[in-house]
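Trainee: Attaching a single structure in structure tokens format; questions to follow.
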Amino acid sequence: AGHVRVGPLDIQAHATPGHTPGSTSWTWRSCQGGKCVDIVYADSLTALTNGTYRYTDAPEHPHRVEDFRKSIATVAALPCGILITTHPDASDVLERAARGKLEDPGACRVLAAHANERLDALLAKEAAESP
């Protein structure tokens with residue numbers, strides 16, 4: 001993983017190919033008033049296709065499913081105090097903010113579990129549609 005430093009902030013990049021091959025998720029620690037929290041920006045882990053592309057037999061990406069699984073595991077294992085996602089509804093960030101409870105240390109694991117479920121469903125659908 002690479003690092004970007006901006007002043008005292010150390011932002012770490014995590015390759016998380018999934019929804020798109022070049023996806024990158026980011027983590028950093030934010031401190032204010034003596035309190036620190038780990039923040040995760042998780043790029044999309046949603047398994048979607050355009051109706052033509054298939055995860056299981058894409059010759060241009062032979063390790064696509066394996067890479068996707070690694071990305072999901074990476075996000076599940078990140079130090080997760082506040083989770084931010086590309087689509088706010090994927091992490092319930094707006095609902096958590098409205099309740100005044102942005103912090104949720106289990107949010108990355110929940111996101112990863114849902115991503116695994118969606119990927120499993122898509123792979124089962126592809127298997128059922130195979131000639």
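Residues are named by chain letter and number: chains run A, B, ... in the order of the structure tokens, numbers start at 1 in each chain, and ligands are numbered from 1 in the order shown.
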Return as a PyMOL selection string the full set of residues in region 42-77 of chain A whose backbone-based DSSP assignment is alpha helix (DSSP H).
Mentor: chain A and resi 64-77
Trainee: Produce a file of the selected residues containing N, CA, C and O atoms, as an mmCIF file, in the first residue's frame.
Mentor:
data_model
loop_
_atom_site.group_PDB
_atom_site.id
_atom_site.type_symbol
_atom_site.label_atom_id
_atom_site.label_comp_id
_atom_site.auth_asym_id
_atom_site.auth_seq_id
_atom_site.Cartn_x
_atom_site.Cartn_y
_atom_site.Cartn_z
ATOM 1 N N ARG A 64 -10.003 -12.192 -11.777
ATOM 2 C CA ARG A 64 -10.972 -11.189 -11.334
ATOM 3 C C ARG A 64 -11.690 -11.587 -10.055
ATOM 4 O O ARG A 64 -11.777 -10.795 -9.119
ATOM 5 N N VAL A 65 -12.203 -12.783 -9.958
ATOM 6 C CA VAL A 65 -12.946 -13.205 -8.768
ATOM 7 C C VAL A 65 -12.002 -13.292 -7.566
ATOM 8 O O VAL A 65 -12.333 -12.819 -6.477
ATOM 9 N N GLU A 66 -10.833 -13.871 -7.769
ATOM 10 C CA GLU A 66 -9.840 -13.958 -6.691
ATOM 11 C C GLU A 66 -9.454 -12.562 -6.197
ATOM 12 O O GLU A 66 -9.381 -12.318 -4.985
ATOM 13 N N ASP A 67 -9.222 -11.642 -7.115
ATOM 14 C CA ASP A 67 -8.872 -10.267 -6.736
ATOM 15 C C ASP A 67 -10.024 -9.599 -5.986
ATOM 16 O O ASP A 67 -9.805 -8.875 -5.009
ATOM 17 N N PHE A 68 -11.246 -9.843 -6.440
ATOM 18 C CA PHE A 68 -12.425 -9.270 -5.789
ATOM 19 C C PHE A 68 -12.516 -9.780 -4.353
ATOM 20 O O PHE A 68 -12.746 -9.012 -3.410
ATOM 21 N N ARG A 69 -12.328 -11.078 -4.166
ATOM 22 C CA ARG A 69 -12.385 -11.668 -2.813
ATOM 23 C C ARG A 69 -11.307 -11.051 -1.905
ATOM 24 O O ARG A 69 -11.564 -10.775 -0.736
ATOM 25 N N LYS A 70 -10.109 -10.862 -2.457
ATOM 26 C CA LYS A 70 -9.030 -10.240 -1.669
ATOM 27 C C LYS A 70 -9.403 -8.819 -1.279
ATOM 28 O O LYS A 70 -9.132 -8.384 -0.162
ATOM 29 N N SER A 71 -10.014 -8.091 -2.185
ATOM 30 C CA SER A 71 -10.425 -6.716 -1.894
ATOM 31 C C SER A 71 -11.458 -6.675 -0.773
ATOM 32 O O SER A 71 -11.379 -5.842 0.132
ATOM 33 N N ILE A 72 -12.414 -7.573 -0.842
ATOM 34 C CA ILE A 72 -13.438 -7.640 0.200
ATOM 35 C C ILE A 72 -12.790 -7.956 1.545
ATOM 36 O O ILE A 72 -13.094 -7.316 2.559
ATOM 37 N N ALA A 73 -11.860 -8.908 1.560
ATOM 38 C CA ALA A 73 -11.156 -9.253 2.803
ATOM 39 C C ALA A 73 -10.314 -8.082 3.300
ATOM 40 O O ALA A 73 -10.226 -7.839 4.519
ATOM 41 N N THR A 74 -9.706 -7.343 2.386
ATOM 42 C CA THR A 74 -8.901 -6.176 2.767
ATOM 43 C C THR A 74 -9.767 -5.155 3.480
ATOM 44 O O THR A 74 -9.409 -4.664 4.559
ATOM 45 N N VAL A 75 -10.912 -4.830 2.907
ATOM 46 C CA VAL A 75 -11.798 -3.836 3.521
ATOM 47 C C VAL A 75 -12.302 -4.334 4.879
ATOM 48 O O VAL A 75 -12.359 -3.577 5.846
ATOM 49 N N ALA A 76 -12.629 -5.606 4.974
ATOM 50 C CA ALA A 76 -13.122 -6.164 6.241
ATOM 51 C C ALA A 76 -12.083 -6.021 7.348
ATOM 52 O O ALA A 76 -12.440 -5.844 8.521
ATOM 53 N N ALA A 77 -10.809 -6.085 6.988
ATOM 54 C CA ALA A 77 -9.735 -6.061 7.983
ATOM 55 C C ALA A 77 -9.201 -4.661 8.306
ATOM 56 O O ALA A 77 -8.364 -4.510 9.190
#
Trainee: Give me, as a tab-separated table, the closest atom pair and its distance (Å, one decimal) for every residue of region 6-93 of chain A within a cut-off of 12 Å of region 110-128 of chain A, counting only C-alpha atoms, rows sorted by chain and rising number.
Mentor:
residue	atom	partner	partner_atom	distance
A:Thr16	CA	A:Ala112	CA	11.6
A:Gly18	CA	A:Ala115	CA	9.6
A:His19	CA	A:Leu119	CA	10.1
A:Val40	CA	A:Leu111	CA	11.6
A:Tyr41	CA	A:Leu111	CA	11.7
A:Ala42	CA	A:Leu111	CA	9.1
A:Asp43	CA	A:Leu111	CA	10.9
A:Ser44	CA	A:Ala115	CA	9.1
A:Leu45	CA	A:Ala115	CA	5.8
A:Thr46	CA	A:Ala115	CA	5.9
A:Ala47	CA	A:Leu119	CA	5.4
A:Leu48	CA	A:Leu122	CA	7.8
A:Thr49	CA	A:Leu122	CA	8.9
A:Gly51	CA	A:Glu126	CA	10.3
A:Thr52	CA	A:Glu126	CA	10.7
A:Tyr53	CA	A:Glu126	CA	10.1
A:Arg54	CA	A:Glu126	CA	7.1
A:Tyr55	CA	A:Leu123	CA	7.4
A:Thr56	CA	A:Leu123	CA	7.1
A:Asp57	CA	A:Glu126	CA	9.4
A:Ala58	CA	A:Glu126	CA	11.7
A:Arg64	CA	A:Leu119	CA	11.4
A:Val65	CA	A:Leu119	CA	8.6
A:Glu66	CA	A:Leu119	CA	11.2
A:Asp67	CA	A:Leu119	CA	11.9
A:Phe68	CA	A:Leu119	CA	8.5
A:Arg69	CA	A:Asn116	CA	7.5
A:Lys70	CA	A:Ala112	CA	10.5
A:Ser71	CA	A:Ala112	CA	8.9
A:Ile72	CA	A:Ala112	CA	5.3
A:Ala73	CA	A:Ala112	CA	7.0
A:Thr74	CA	A:Ala112	CA	8.7
A:Val75	CA	A:Ala112	CA	6.5
A:Ala76	CA	A:Ala112	CA	5.4
A:Ala77	CA	A:Ala112	CA	9.2
A:Leu78	CA	A:Ala112	CA	10.6
A:Cys80	CA	A:Val110	CA	10.9
A:Leu83	CA	A:Leu111	CA	9.1
A:Ile84	CA	A:Leu111	CA	10.5
A:Thr85	CA	A:Leu111	CA	9.4
A:His87	CA	A:Leu111	CA	11.8
A:Pro88	CA	A:Leu111	CA	11.6
A:Asp89	CA	A:Leu111	CA	10.6
A:Ala90	CA	A:Leu111	CA	7.2
A:Ser91	CA	A:Leu111	CA	6.6
A:Asp92	CA	A:Leu111	CA	9.8
A:Val93	CA	A:Leu111	CA	11.6
Trainee: What lies within 9 Å of region 7-13 of chain A using only C-alpha atoms, ignoring chain neighbours under 2 positions off, as an mmCIF file with all heavy atoms, in the first residue's frame?
Mentor:
data_model
loop_
_atom_site.group_PDB
_atom_site.id
_atom_site.type_symbol
_atom_site.label_atom_id
_atom_site.label_comp_id
_atom_site.auth_asym_id
_atom_site.auth_seq_id
_atom_site.Cartn_x
_atom_site.Cartn_y
_atom_site.Cartn_z
ATOM 1 N N ALA A 1 0.848 -1.181 0.000
ATOM 2 C CA ALA A 1 0.000 0.000 0.000
ATOM 3 C C ALA A 1 0.890 1.238 0.000
ATOM 4 O O ALA A 1 1.913 1.284 0.664
ATOM 5 C CB ALA A 1 -0.928 -0.025 1.200
ATOM 6 N N GLY A 2 0.466 2.240 -0.728
ATOM 7 C CA GLY A 2 1.212 3.480 -0.804
ATOM 8 C C GLY A 2 0.690 4.478 0.210
ATOM 9 O O GLY A 2 -0.382 4.320 0.788
ATOM 10 N N HIS A 3 1.491 5.501 0.441
ATOM 11 C CA HIS A 3 1.128 6.548 1.397
ATOM 12 C C HIS A 3 1.195 7.912 0.719
ATOM 13 O O HIS A 3 2.051 8.153 -0.124
ATOM 14 C CB HIS A 3 2.111 6.573 2.580
ATOM 15 C CG HIS A 3 1.984 5.397 3.475
ATOM 16 N ND1 HIS A 3 1.235 5.409 4.620
ATOM 17 C CD2 HIS A 3 2.508 4.152 3.406
ATOM 18 C CE1 HIS A 3 1.314 4.241 5.214
ATOM 19 N NE2 HIS A 3 2.081 3.452 4.494
ATOM 20 N N VAL A 4 0.291 8.776 1.105
ATOM 21 C CA VAL A 4 0.320 10.172 0.710
ATOM 22 C C VAL A 4 0.330 10.955 2.010
ATOM 23 O O VAL A 4 -0.518 10.742 2.879
ATOM 24 C CB VAL A 4 -0.926 10.560 -0.122
ATOM 25 C CG1 VAL A 4 -0.932 12.046 -0.424
ATOM 26 C CG2 VAL A 4 -1.004 9.740 -1.397
ATOM 27 N N ARG A 5 1.286 11.841 2.161
ATOM 28 C CA ARG A 5 1.366 12.638 3.377
ATOM 29 C C ARG A 5 1.043 14.097 3.046
ATOM 30 O O ARG A 5 1.604 14.665 2.120
ATOM 31 C CB ARG A 5 2.739 12.518 4.004
ATOM 32 C CG ARG A 5 2.957 11.165 4.656
ATOM 33 C CD ARG A 5 4.347 11.057 5.288
ATOM 34 N NE ARG A 5 4.550 9.890 6.114
ATOM 35 C CZ ARG A 5 4.553 8.624 5.698
ATOM 36 N NH1 ARG A 5 4.314 8.351 4.456
ATOM 37 N NH2 ARG A 5 4.772 7.640 6.528
ATOM 38 N N ALA A 15 -5.112 -1.123 -2.672
ATOM 39 C CA ALA A 15 -5.686 -1.592 -3.936
ATOM 40 C C ALA A 15 -6.858 -2.505 -3.607
ATOM 41 O O ALA A 15 -6.701 -3.495 -2.892
ATOM 42 C CB ALA A 15 -4.643 -2.331 -4.751
ATOM 43 N N THR A 24 -9.400 1.804 -5.652
ATOM 44 C CA THR A 24 -8.491 2.048 -4.537
ATOM 45 C C THR A 24 -9.306 2.546 -3.353
ATOM 46 O O THR A 24 -10.162 3.408 -3.497
ATOM 47 C CB THR A 24 -7.436 3.113 -4.900
ATOM 48 O OG1 THR A 24 -6.744 2.678 -6.076
ATOM 49 C CG2 THR A 24 -6.443 3.322 -3.782
ATOM 50 N N SER A 25 -9.044 1.981 -2.201
ATOM 51 C CA SER A 25 -9.649 2.453 -0.959
ATOM 52 C C SER A 25 -8.566 3.161 -0.168
ATOM 53 O O SER A 25 -7.371 2.929 -0.376
ATOM 54 C CB SER A 25 -10.226 1.275 -0.164
ATOM 55 O OG SER A 25 -11.292 0.678 -0.893
ATOM 56 N N TRP A 26 -8.979 4.034 0.737
ATOM 57 C CA TRP A 26 -8.043 4.888 1.458
ATOM 58 C C TRP A 26 -8.337 4.863 2.958
ATOM 59 O O TRP A 26 -9.495 4.803 3.349
ATOM 60 C CB TRP A 26 -8.152 6.327 0.955
ATOM 61 C CG TRP A 26 -7.907 6.459 -0.509
ATOM 62 C CD1 TRP A 26 -8.813 6.323 -1.522
ATOM 63 C CD2 TRP A 26 -6.662 6.734 -1.142
ATOM 64 N NE1 TRP A 26 -8.207 6.504 -2.743
ATOM 65 C CE2 TRP A 26 -6.884 6.760 -2.530
ATOM 66 C CE3 TRP A 26 -5.370 6.964 -0.660
ATOM 67 C CZ2 TRP A 26 -5.872 7.000 -3.452
ATOM 68 C CZ3 TRP A 26 -4.358 7.211 -1.578
ATOM 69 C CH2 TRP A 26 -4.611 7.227 -2.956
ATOM 70 N N THR A 27 -7.296 4.908 3.765
ATOM 71 C CA THR A 27 -7.459 4.984 5.222
ATOM 72 C C THR A 27 -6.577 6.084 5.775
ATOM 73 O O THR A 27 -5.512 6.392 5.225
ATOM 74 C CB THR A 27 -7.080 3.659 5.912
ATOM 75 O OG1 THR A 27 -5.728 3.314 5.586
ATOM 76 C CG2 THR A 27 -8.003 2.530 5.500
ATOM 77 N N TRP A 28 -7.039 6.680 6.871
ATOM 78 C CA TRP A 28 -6.241 7.661 7.586
ATOM 79 C C TRP A 28 -6.772 7.775 9.004
ATOM 80 O O TRP A 28 -7.864 7.312 9.312
ATOM 81 C CB TRP A 28 -6.218 9.017 6.885
ATOM 82 C CG TRP A 28 -7.552 9.708 6.786
ATOM 83 C CD1 TRP A 28 -8.048 10.656 7.630
ATOM 84 C CD2 TRP A 28 -8.543 9.521 5.778
ATOM 85 N NE1 TRP A 28 -9.290 11.073 7.218
ATOM 86 C CE2 TRP A 28 -9.615 10.388 6.080
ATOM 87 C CE3 TRP A 28 -8.648 8.709 4.654
ATOM 88 C CZ2 TRP A 28 -10.767 10.459 5.305
ATOM 89 C CZ3 TRP A 28 -9.792 8.784 3.885
ATOM 90 C CH2 TRP A 28 -10.817 9.653 4.201
ATOM 91 N N ARG A 29 -5.980 8.364 9.853
ATOM 92 C CA ARG A 29 -6.367 8.595 11.238
ATOM 93 C C ARG A 29 -6.550 10.094 11.404
ATOM 94 O O ARG A 29 -5.675 10.884 11.055
ATOM 95 C CB ARG A 29 -5.299 8.084 12.188
ATOM 96 C CG ARG A 29 -5.621 8.359 13.642
ATOM 97 C CD ARG A 29 -4.732 7.540 14.511
ATOM 98 N NE ARG A 29 -5.473 6.307 14.731
ATOM 99 C CZ ARG A 29 -5.563 5.712 15.887
ATOM 100 N NH1 ARG A 29 -4.901 6.157 16.913
ATOM 101 N NH2 ARG A 29 -6.274 4.629 16.019
ATOM 102 N N SER A 30 -7.691 10.472 11.938
ATOM 103 C CA SER A 30 -8.000 11.879 12.161
ATOM 104 C C SER A 30 -8.095 12.118 13.659
ATOM 105 O O SER A 30 -8.786 11.375 14.364
ATOM 106 C CB SER A 30 -9.309 12.239 11.474
ATOM 107 O OG SER A 30 -9.617 13.601 11.683
#
Trainee: Report, in Å with one decimal, the straight-line distance from CA of Leu94 (chain A) to CA of Gly34 (chain A).
Mentor: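 Computed distance, CA of Leu94 (chain A) to CA of Gly34 (chain A), equals 25.0 Å.
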